[in-house]
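*Asks:* My file is start.cif. It has mmCIF, C-alpha atoms:
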```
data_data
loop_
_atom_site.group_PDB
_atom_site.id
_atom_site.type_symbol
_atom_site.label_atom_id
_atom_site.label_comp_id
_atom_site.auth_asym_id
_atom_site.auth_seq_id
_atom_site.Cartn_x
_atom_site.Cartn_y
_atom_site.Cartn_z
ATOM 1 C CA MET W 1 -65.020 7.720 18.821
ATOM 2 C CA GLU W 2 -61.291 7.085 19.189
ATOM 3 C CA ARG W 3 -59.208 9.059 16.737
ATOM 4 C CA HIS W 4 -55.764 7.507 16.838
ATOM 5 C CA HIS W 5 -53.683 5.013 18.758
ATOM 6 C CA VAL W 6 -50.704 6.705 20.415
ATOM 7 C CA GLY W 7 -47.853 5.028 22.236
ATOM 8 C CA LEU W 8 -46.762 6.923 25.357
ATOM 9 C CA ILE W 9 -43.257 6.020 26.492
ATOM 10 C CA GLY W 10 -43.024 6.909 30.168
ATOM 11 C CA CYS W 11 -45.803 7.940 32.536
ATOM 12 C CA GLY W 12 -44.107 9.885 35.297
ATOM 13 C CA ASN W 13 -45.238 13.107 36.946
ATOM 14 C CA TRP W 14 -45.307 14.915 33.582
ATOM 15 C CA GLY W 15 -46.278 11.935 31.463
ATOM 16 C CA ARG W 16 -49.565 11.594 33.329
ATOM 17 C CA HIS W 17 -50.535 15.092 32.147
ATOM 18 C CA ILE W 18 -49.675 14.088 28.584
ATOM 19 C CA LEU W 19 -51.836 10.992 28.995
ATOM 20 C CA ARG W 20 -54.719 13.082 30.342
ATOM 21 C CA ASP W 21 -54.655 15.383 27.315
ATOM 22 C CA LEU W 22 -54.261 12.569 24.769
ATOM 23 C CA VAL W 23 -57.313 10.859 26.237
ATOM 24 C CA THR W 24 -59.218 14.160 26.200
ATOM 25 C CA LEU W 25 -58.296 14.482 22.519
ATOM 26 C CA GLY W 26 -59.951 11.125 21.894
ATOM 27 C CA CYS W 27 -56.841 9.000 21.459
ATOM 28 C CA LYS W 28 -56.437 5.407 22.472
ATOM 29 C CA VAL W 29 -53.195 5.293 24.453
ATOM 30 C CA THR W 30 -50.888 2.401 25.217
ATOM 31 C CA ALA W 31 -48.258 3.365 27.770
ATOM 32 C CA VAL W 32 -44.868 1.735 28.168
ATOM 33 C CA ALA W 33 -44.387 1.970 31.925
ATOM 34 C CA ARG W 34 -41.778 0.076 33.891
ATOM 35 C CA SER W 35 -42.113 1.131 37.521
ATOM 36 C CA GLU W 36 -45.101 0.211 39.662
ATOM 37 C CA ALA W 37 -45.909 3.903 40.204
ATOM 38 C CA SER W 38 -45.832 4.611 36.447
ATOM 39 C CA ARG W 39 -48.001 1.587 35.693
ATOM 40 C CA GLN W 40 -50.534 2.732 38.268
ATOM 41 C CA ARG W 41 -50.612 6.301 36.892
ATOM 42 C CA ALA W 42 -51.054 4.990 33.358
ATOM 43 C CA ALA W 43 -53.850 2.593 34.277
ATOM 44 C CA GLU W 44 -55.677 5.208 36.347
ATOM 45 C CA GLY W 45 -55.344 7.659 33.437
ATOM 46 C CA GLY W 46 -57.111 5.316 31.031
ATOM 47 C CA ALA W 47 -54.184 3.804 29.141
ATOM 48 C CA ASP W 48 -53.453 0.205 28.308
ATOM 49 C CA VAL W 49 -50.129 -0.642 29.939
ATOM 50 C CA VAL W 50 -47.236 -2.728 28.630
ATOM 51 C CA PRO W 51 -43.866 -3.286 30.331
ATOM 52 C CA ASP W 52 -41.550 -2.570 27.386
ATOM 53 C CA LEU W 53 -41.353 -1.533 23.742
ATOM 54 C CA GLY W 54 -41.338 -5.131 22.604
ATOM 55 C CA ASN W 55 -44.933 -5.423 23.806
ATOM 56 C CA LEU W 56 -46.135 -2.175 22.236
ATOM 57 C CA PRO W 57 -48.837 -2.887 19.622
ATOM 58 C CA ALA W 58 -49.034 -1.078 16.281
ATOM 59 C CA VAL W 59 -49.562 2.644 16.888
ATOM 60 C CA ASP W 60 -50.073 5.742 14.731
ATOM 61 C CA GLY W 61 -47.585 7.890 16.619
ATOM 62 C CA VAL W 62 -45.354 7.926 19.687
ATOM 63 C CA VAL W 63 -44.859 10.453 22.478
ATOM 64 C CA VAL W 64 -41.616 10.128 24.465
ATOM 65 C CA ALA W 65 -41.861 11.404 28.040
ATOM 66 C CA THR W 66 -38.937 9.668 29.706
ATOM 67 C CA PRO W 67 -36.134 11.457 31.638
ATOM 68 C CA SER W 68 -34.077 13.800 29.441
ATOM 69 C CA ALA W 69 -30.893 11.760 29.766
ATOM 70 C CA THR W 70 -32.680 8.774 28.183
ATOM 71 C CA HIS W 71 -34.191 10.592 25.190
ATOM 72 C CA ALA W 72 -31.542 9.588 22.654
ATOM 73 C CA ALA W 73 -31.716 5.888 23.488
ATOM 74 C CA VAL W 74 -35.516 5.810 23.637
ATOM 75 C CA VAL W 75 -35.953 7.730 20.376
ATOM 76 C CA GLU W 76 -33.511 5.407 18.614
ATOM 77 C CA ALA W 77 -35.509 2.447 19.936
ATOM 78 C CA VAL W 78 -38.870 3.762 18.651
ATOM 79 C CA LEU W 79 -37.766 5.113 15.258
ATOM 80 C CA PRO W 80 -37.956 1.635 13.641
ATOM 81 C CA LEU W 81 -41.724 1.754 14.231
ATOM 82 C CA GLY W 82 -41.844 4.139 11.264
ATOM 83 C CA VAL W 83 -44.379 6.558 12.801
ATOM 84 C CA PRO W 84 -44.134 10.228 13.850
ATOM 85 C CA VAL W 85 -42.361 10.724 17.181
ATOM 86 C CA PHE W 86 -42.991 13.635 19.561
ATOM 87 C CA VAL W 87 -40.238 13.800 22.196
ATOM 88 C CA GLU W 88 -40.254 16.028 25.250
ATOM 89 C CA LYS W 89 -37.661 18.802 25.337
ATOM 90 C CA PRO W 90 -34.736 18.808 25.173
ATOM 91 C CA LEU W 91 -34.222 16.561 22.161
ATOM 92 C CA THR W 92 -31.161 15.158 23.955
ATOM 93 C CA VAL W 93 -28.624 16.340 26.529
ATOM 94 C CA ASP W 94 -25.693 15.588 24.233
ATOM 95 C CA LEU W 95 -24.982 17.277 20.899
ATOM 96 C CA ALA W 96 -23.525 14.195 19.187
ATOM 97 C CA ASP W 97 -26.603 12.167 20.158
ATOM 98 C CA ALA W 98 -28.893 14.875 18.786
ATOM 99 C CA GLU W 99 -27.034 15.019 15.489
ATOM 100 C CA ARG W 100 -27.203 11.235 15.113
ATOM 101 C CA ILE W 101 -30.955 10.835 15.703
ATOM 102 C CA VAL W 102 -31.827 13.847 13.535
ATOM 103 C CA ARG W 103 -29.905 12.291 10.651
ATOM 104 C CA ALA W 104 -31.913 9.105 11.179
ATOM 105 C CA ALA W 105 -35.365 10.739 11.085
ATOM 106 C CA PRO W 106 -35.297 14.363 9.924
ATOM 107 C CA ASP W 107 -38.945 14.421 8.794
ATOM 108 C CA ARG W 108 -40.893 12.506 11.447
ATOM 109 C CA LEU W 109 -39.178 13.524 14.684
ATOM 110 C CA PHE W 110 -40.510 16.568 16.558
ATOM 111 C CA VAL W 111 -39.766 18.206 19.914
ATOM 112 C CA MET W 112 -42.366 19.138 22.514
ATOM 113 C CA ASP W 113 -41.497 22.808 23.055
ATOM 114 C CA LYS W 114 -44.711 23.736 24.845
ATOM 115 C CA TRP W 115 -43.817 27.425 25.193
ATOM 116 C CA ARG W 116 -44.058 27.803 21.413
ATOM 117 C CA TYR W 117 -47.773 27.048 21.911
ATOM 118 C CA HIS W 118 -48.259 29.491 24.783
ATOM 119 C CA PRO W 119 -50.858 32.101 23.738
ATOM 120 C CA GLY W 120 -48.769 34.844 25.359
ATOM 121 C CA VAL W 121 -45.637 33.862 23.452
ATOM 122 C CA GLU W 122 -47.673 33.673 20.249
ATOM 123 C CA ALA W 123 -48.986 37.188 20.977
ATOM 124 C CA LEU W 124 -45.432 38.480 21.439
ATOM 125 C CA ALA W 125 -44.438 36.826 18.153
ATOM 126 C CA GLU W 126 -47.283 38.590 16.361
ATOM 127 C CA ILE W 127 -46.223 41.948 17.854
ATOM 128 C CA ALA W 128 -42.672 41.324 16.667
ATOM 129 C CA ARG W 129 -43.796 40.348 13.157
ATOM 130 C CA SER W 130 -46.326 43.154 12.762
ATOM 131 C CA GLY W 131 -43.906 45.931 13.660
ATOM 132 C CA GLU W 132 -46.584 47.699 15.712
ATOM 133 C CA LEU W 133 -43.927 48.652 18.284
ATOM 134 C CA GLY W 134 -41.264 49.282 15.688
ATOM 135 C CA PRO W 135 -38.281 47.075 14.940
ATOM 136 C CA VAL W 136 -37.335 44.446 17.509
ATOM 137 C CA ILE W 137 -34.277 45.357 19.579
ATOM 138 C CA GLY W 138 -34.027 42.282 21.769
ATOM 139 C CA LEU W 139 -35.686 39.668 23.933
ATOM 140 C CA ARG W 140 -35.143 39.090 27.656
ATOM 141 C CA THR W 141 -36.292 35.883 29.350
ATOM 142 C CA THR W 142 -36.151 35.047 33.037
ATOM 143 C CA ARG W 143 -36.847 31.556 34.371
ATOM 144 C CA VAL W 144 -35.736 31.279 37.987
ATOM 145 C CA GLY W 145 -36.811 29.426 41.101
ATOM 146 C CA TRP W 146 -35.487 27.170 43.835
ATOM 147 C CA GLY W 147 -34.321 23.638 43.187
ATOM 148 C CA ASN W 148 -34.129 21.238 40.260
ATOM 149 C CA PRO W 149 -36.845 18.560 40.355
ATOM 150 C CA HIS W 150 -34.924 16.334 37.949
ATOM 151 C CA ASP W 151 -32.217 13.949 39.097
ATOM 152 C CA ASP W 152 -31.050 12.873 35.637
ATOM 153 C CA THR W 153 -29.766 16.193 34.291
ATOM 154 C CA ASP W 154 -28.793 19.675 35.423
ATOM 155 C CA VAL W 155 -30.870 22.842 35.417
ATOM 156 C CA VAL W 156 -29.222 24.264 32.287
ATOM 157 C CA TRP W 157 -30.518 21.363 30.192
ATOM 158 C CA HIS W 158 -33.823 21.408 32.054
ATOM 159 C CA LEU W 159 -34.736 25.116 31.761
ATOM 160 C CA THR W 160 -32.750 26.704 28.921
ATOM 161 C CA PRO W 161 -34.560 24.780 26.135
ATOM 162 C CA HIS W 162 -37.776 26.601 27.076
ATOM 163 C CA ASP W 163 -36.299 30.061 26.620
ATOM 164 C CA LEU W 164 -34.498 29.230 23.391
ATOM 165 C CA ALA W 165 -37.773 27.839 22.021
ATOM 166 C CA ILE W 166 -39.454 31.118 22.998
ATOM 167 C CA ALA W 167 -36.751 33.010 21.099
ATOM 168 C CA LEU W 168 -37.328 30.765 18.091
ATOM 169 C CA GLU W 169 -41.073 31.406 18.153
ATOM 170 C CA ILE W 170 -40.796 35.191 18.567
ATOM 171 C CA LEU W 171 -37.730 35.957 16.460
ATOM 172 C CA GLY W 172 -37.923 33.108 13.972
ATOM 173 C CA CYS W 173 -34.467 31.796 14.876
ATOM 174 C CA ILE W 174 -32.137 31.039 17.768
ATOM 175 C CA PRO W 175 -29.349 33.651 17.518
ATOM 176 C CA GLU W 176 -25.690 32.695 17.785
ATOM 177 C CA PRO W 177 -24.481 32.377 21.392
ATOM 178 C CA ARG W 178 -22.040 35.171 22.293
ATOM 179 C CA PHE W 179 -21.416 35.034 26.037
ATOM 180 C CA ALA W 180 -22.400 32.972 29.059
ATOM 181 C CA VAL W 181 -21.578 32.768 32.743
ATOM 182 C CA ALA W 182 -22.737 30.029 35.088
ATOM 183 C CA VAL W 183 -23.235 29.689 38.821
ATOM 184 C CA TRP W 184 -21.401 26.499 39.625
ATOM 185 C CA HIS W 185 -18.297 24.927 41.090
ATOM 186 C CA ALA W 186 -16.250 21.991 39.863
ATOM 187 C CA GLY W 187 -17.648 18.614 40.799
ATOM 188 C CA ALA W 188 -21.244 19.840 41.072
ATOM 189 C CA TRP W 189 -24.074 20.517 38.705
ATOM 190 C CA PRO W 190 -24.569 24.187 37.781
ATOM 191 C CA HIS W 191 -27.222 26.167 39.647
ATOM 192 C CA GLY W 192 -27.900 28.634 36.852
ATOM 193 C CA LEU W 193 -26.729 30.377 33.714
ATOM 194 C CA LEU W 194 -26.886 33.835 32.156
ATOM 195 C CA GLY W 195 -26.534 33.714 28.380
ATOM 196 C CA VAL W 196 -26.328 36.333 25.654
ATOM 197 C CA LEU W 197 -27.102 35.413 22.051
ATOM 198 C CA GLY W 198 -27.006 37.475 18.868
ATOM 199 C CA ASP W 199 -26.776 41.219 18.515
ATOM 200 C CA GLY W 200 -29.475 42.471 16.150
ATOM 201 C CA PRO W 201 -31.811 41.471 17.720
ATOM 202 C CA TRP W 202 -30.163 40.066 20.821
ATOM 203 C CA VAL W 203 -31.460 37.538 23.368
ATOM 204 C CA VAL W 204 -30.568 37.564 27.057
ATOM 205 C CA THR W 205 -31.700 34.518 28.997
ATOM 206 C CA GLU W 206 -31.362 33.896 32.719
ATOM 207 C CA ILE W 207 -32.148 30.557 34.333
ATOM 208 C CA SER W 208 -31.552 29.571 37.927
ATOM 209 C CA ALA W 209 -32.391 26.894 40.481
ATOM 210 C CA ARG W 210 -31.026 29.103 43.264
ATOM 211 C CA SER W 211 -33.462 32.012 43.325
ATOM 212 C CA VAL W 212 -35.543 32.826 46.390
ATOM 213 C CA GLU W 213 -38.403 33.938 44.135
ATOM 214 C CA ARG W 214 -40.027 32.060 41.285
ATOM 215 C CA ARG W 215 -40.324 34.059 38.060
ATOM 216 C CA ARG W 216 -41.255 33.219 34.486
ATOM 217 C CA VAL W 217 -41.028 36.463 32.497
ATOM 218 C CA VAL W 218 -40.593 37.258 28.796
ATOM 219 C CA VAL W 219 -39.912 40.866 27.724
ATOM 220 C CA LEU W 220 -39.901 41.895 24.070
ATOM 221 C CA HIS W 221 -37.943 45.140 23.571
ATOM 222 C CA CYS W 222 -38.832 47.170 20.491
ATOM 223 C CA ARG W 223 -37.938 50.665 19.335
ATOM 224 C CA ASP W 224 -41.284 52.169 20.325
ATOM 225 C CA GLY W 225 -42.117 50.182 23.438
ATOM 226 C CA VAL W 226 -42.063 46.859 25.252
ATOM 227 C CA ALA W 227 -44.410 43.892 25.479
ATOM 228 C CA VAL W 228 -44.321 41.658 28.542
ATOM 229 C CA LEU W 229 -45.619 38.203 29.434
ATOM 230 C CA ALA W 230 -45.296 38.427 33.202
ATOM 231 C CA ASP W 231 -46.115 34.816 34.101
ATOM 232 C CA GLY W 232 -46.838 31.509 32.501
ATOM 233 C CA TYR W 233 -50.432 31.655 33.760
ATOM 234 C CA ALA W 234 -51.072 35.306 32.874
ATOM 235 C CA ASP W 235 -54.284 36.104 31.028
ATOM 236 C CA HIS W 236 -52.836 39.092 29.183
ATOM 237 C CA VAL W 237 -49.739 40.587 27.606
ATOM 238 C CA LEU W 238 -48.787 44.026 28.959
ATOM 239 C CA ILE W 239 -47.818 46.519 26.258
ATOM 240 C CA ARG W 240 -46.267 49.864 27.131
ATOM 241 C CA ARG W 241 -45.702 52.476 24.440
ATOM 242 C CA GLY W 242 -44.089 55.882 24.747
ATOM 243 C CA PRO W 243 -40.830 57.837 24.799
ATOM 244 C CA HIS W 244 -38.058 56.000 26.561
ATOM 245 C CA GLY W 245 -36.524 57.646 29.595
ATOM 246 C CA THR W 246 -39.670 59.582 30.546
ATOM 247 C CA GLY W 247 -42.614 58.914 32.811
ATOM 248 C CA GLU W 248 -45.070 59.195 29.927
ATOM 249 C CA ALA W 249 -46.379 55.905 28.591
ATOM 250 C CA GLU W 250 -49.473 54.429 27.032
ATOM 251 C CA GLU W 251 -50.335 51.059 28.560
ATOM 252 C CA GLU W 252 -52.471 48.252 27.172
ATOM 253 C CA ARG W 253 -53.398 44.895 28.643
ATOM 254 C CA ARG W 254 -54.014 42.647 25.655
ATOM 255 C CA ALA W 255 -56.084 39.593 26.587
ATOM 256 C CA ILE W 256 -54.806 36.156 25.649
ATOM 257 C CA SER W 257 -56.267 32.672 25.822
ATOM 258 C CA THR W 258 -55.600 30.681 28.987
ATOM 259 C CA GLU W 259 -55.727 27.324 27.186
ATOM 260 C CA LEU W 260 -52.809 25.233 28.418
ATOM 261 C CA PRO W 261 -49.840 24.944 26.030
ATOM 262 C CA LEU W 262 -49.417 21.212 26.628
ATOM 263 C CA TYR W 263 -52.923 20.521 25.364
ATOM 264 C CA ARG W 264 -52.378 22.777 22.348
ATOM 265 C CA GLU W 265 -49.149 21.064 21.308
ATOM 266 C CA LEU W 266 -50.631 17.579 21.690
ATOM 267 C CA ALA W 267 -53.648 18.672 19.649
ATOM 268 C CA ALA W 268 -51.220 19.788 16.915
ATOM 269 C CA PHE W 269 -49.525 16.373 17.002
ATOM 270 C CA VAL W 270 -52.860 14.556 16.750
ATOM 271 C CA ARG W 271 -53.873 16.744 13.800
ATOM 272 C CA HIS W 272 -50.589 15.766 12.150
ATOM 273 C CA LEU W 273 -51.437 12.093 12.639
ATOM 274 C CA GLU W 274 -54.686 12.864 10.811
ATOM 275 C CA GLY W 275 -52.761 14.220 7.839
ATOM 276 C CA GLY W 276 -52.410 17.829 8.977
ATOM 277 C CA PRO W 277 -49.263 19.967 9.085
ATOM 278 C CA PRO W 278 -46.363 18.914 11.312
ATOM 279 C CA PRO W 279 -46.192 20.338 14.839
ATOM 280 C CA LYS W 280 -43.783 23.121 15.703
ATOM 281 C CA SER W 281 -40.137 22.345 16.524
ATOM 282 C CA SER W 282 -38.912 20.051 13.797
ATOM 283 C CA ALA W 283 -35.968 17.750 14.326
ATOM 284 C CA ALA W 284 -33.694 20.418 12.805
ATOM 285 C CA GLU W 285 -35.051 23.073 15.186
ATOM 286 C CA GLY W 286 -34.651 20.715 18.135
ATOM 287 C CA LEU W 287 -31.061 20.154 17.070
ATOM 288 C CA ALA W 288 -30.490 23.931 16.816
ATOM 289 C CA ASN W 289 -31.706 24.264 20.400
ATOM 290 C CA VAL W 290 -29.330 21.553 21.633
ATOM 291 C CA ARG W 291 -26.472 23.078 19.639
ATOM 292 C CA ALA W 292 -27.058 26.524 21.184
ATOM 293 C CA ILE W 293 -27.149 25.077 24.706
ATOM 294 C CA ALA W 294 -23.915 23.184 24.064
ATOM 295 C CA ALA W 295 -22.312 26.434 22.878
ATOM 296 C CA LEU W 296 -23.568 28.369 25.926
ATOM 297 C CA ARG W 297 -22.244 25.647 28.223
ATOM 298 C CA SER W 298 -18.863 25.848 26.514
ATOM 299 C CA LEU W 299 -18.771 29.648 26.843
ATOM 300 C CA ALA W 300 -19.585 29.305 30.556
ATOM 301 C CA GLY W 301 -16.949 26.604 31.112
ATOM 302 C CA LEU W 302 -19.502 23.909 31.917
ATOM 303 C CA PRO W 303 -19.188 20.211 31.048
ATOM 304 C CA ALA W 304 -20.690 19.490 27.643
ATOM 305 C CA SER W 305 -23.503 17.187 28.763
ATOM 306 C CA GLY W 306 -25.724 17.359 31.802
ATOM 307 C CA ASP W 307 -26.205 13.689 32.622
#
```
Please go through the file and, once you have read it, give me the structure as structure tokens.
*Replies:*
Amino acid sequence: MERHHVGLIGCGNWGRHILRDLVTLGCKVTAVARSEASRQRAAEGGADVVPDLGNLPAVDGVVVATPSATHAAVVEAVLPLGVPVFVEKPLTVDLADAERIVRAAPDRLFVMDKWRYHPGVEALAEIARSGELGPVIGLRTTRVGWGNPHDDTDVVWHLTPHDLAIALEILGCIPEPRFAVAVWHAGAWPHGLLGVLGDGPWVVTEISARSVERRRVVVLHCRDGVAVLADGYADHVLIRRGPHGTGEAEEERRAISTELPLYRELAAFVRHLEGGPPPKSSAAEGLANVRAIAALRSLAGLPASGD
């Protein structure tokens, strides 16, 4: 039995995974797909396919999975439909655009920050809230690899939203940006950024598209120990307790679910369409993420937008 009719705007390499999970969740999906490759992916994934928004039938909600640089324009085009909108991160790649669309739909626009649904990140958030390792000192995130698969925006806009969303989930806020340095040269897109936010607790985030090794690591530093999510596909969080500066430590591997975050966030959106609570990352939180990235870019001397 089909649960809801969802409009999927864009069916590229990531959009096809969104389509897969929406279909698994029992949704009827109509995809707006313009290119031949996107139309083929959408049809093979089980969606009805239309060429543009003007041909989109009445739907219960919309998921926007177009390139980041197009988010503002696409969201503004779908808001008149009057239904909840779930847009892939980042909300936009321009602060003024983000402010404008959030003013237009503060209560029915949400951002797809999949790392807020990662069981490992949720486990770290619970450790932080419970105080089992003492007060939180800071959070360190590392998201590095080689190359930027996106040709519409730079790696700072592509990767940093993930780590700021992780900070939001674990700490309950995105701290104020304090310092940033970028790997870049004038006339080119940046290759990476090291940012420092807040002070009590602090956040240090490192992203790079110029690393010879691929790493996705989140380290929660507390007074009485650390908790580590060592990889996006890890099946546990590593907790190490004990006196700092000595070789003595008590270690625990705390099991976590391996359910994929994308499926979990889409399930939350579908539950919202059924009358349930809104998904994580409200329009205001999406705007806070964009605002923090804009501030980090300014501190690092980067151009304001990444398109």
*Asks:* Under the rule that only C-alpha atoms are counted, which of W:Leu171, W:Val75, W:Leu159, W:Val93 is the nearest residue to Ile127 in chain W?
*Replies:*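 Once distances to Ile127 in chain W are computed over only C-alpha atoms, the minimum belongs to W:Leu171.
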*Asks:* In Å, how far is it from CA of Val228 in chain W to CA of Phe110 in chain W?
*Replies:*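 Pair CA of Val228 in chain W / CA of Phe110 in chain W returns 28.1 Å.
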*Asks:* Could you check which of W:Arg39, W:Pro135, W:Arg103, W:Ile9 is closest to Ala77 in chain W, using all atoms listed in the file?
*Replies:* W:Ile9
*Asks:* Do you know which residues are at most 12 Å from Gly147 in chain W counting all atoms listed in the file, after dropping those on the same chain fewer than 4 positions away, and could you put them as a list in words?
*Replies:*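 Result of the neighbour search: Asp151, Asp154, Val155, His158, Leu159, Trp189, Pro190, His191, Gly192, Ile207, Ser208, Ala209, Arg210, Ser211, Val212, Glu213 and Arg214 of chain W.
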*Asks:* Which residues are close to Pro57 in chain W, i.e. within 10 Å by all atoms listed in the file, leaving aside same-chain residues fewer than 5 positions away? Reply as a tab-separated table (two decimals) with C-alpha atoms, keeping the file's coordinate frame.
*Replies:*
```tsv
chain	number	residue	atom	x	y	z
W	5	HIS	CA	-53.68	5.01	18.76
W	6	VAL	CA	-50.70	6.70	20.42
W	7	GLY	CA	-47.85	5.03	22.24
W	30	THR	CA	-50.89	2.40	25.22
W	50	VAL	CA	-47.24	-2.73	28.63
```
*Asks:* Given the choices W:Val111, W:Val218, W:Val226, W:Val63, which gets closest to Val144 in chain W if the distance is worked out from all atoms listed in the file?
*Replies:*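 Of W:Val111, W:Val218, W:Val226, W:Val63, the one nearest Val144 in chain W is W:Val218, counting all atoms listed in the file.
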*Asks:* Where does range 72-94 of chain W meet range 289-298 of chain W within 10 Å, residue by residue, with the nearest atom pair and distance in Å to one decimal for each, counting only C-alpha atoms, listed by chain and rising number, as a tab-separated table?
*Replies:*
```
residue	atom	partner	partner_atom	distance
W:Lys89	CA	W:Asn289	CA	9.5
W:Pro90	CA	W:Val290	CA	7.0
W:Leu91	CA	W:Val290	CA	7.0
W:Thr92	CA	W:Val290	CA	7.0
W:Val93	CA	W:Val290	CA	7.2
W:Asp94	CA	W:Val290	CA	7.5
```
*Asks:* Which residue out of W:Arg108, W:Arg240, W:Arg3, W:Arg116 has the minimum interatomic distance to Pro80 in chain W when all atoms listed in the file are used?
*Replies:* W:Arg108
*Asks:* Between CA of Ala227 in chain W and CA of Leu299 in chain W, what is the distance in Å, rounded to a tenth?
*Replies:*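 According to the coordinates, CA of Ala227 in chain W and CA of Leu299 in chain W are separated by 29.4 Å.
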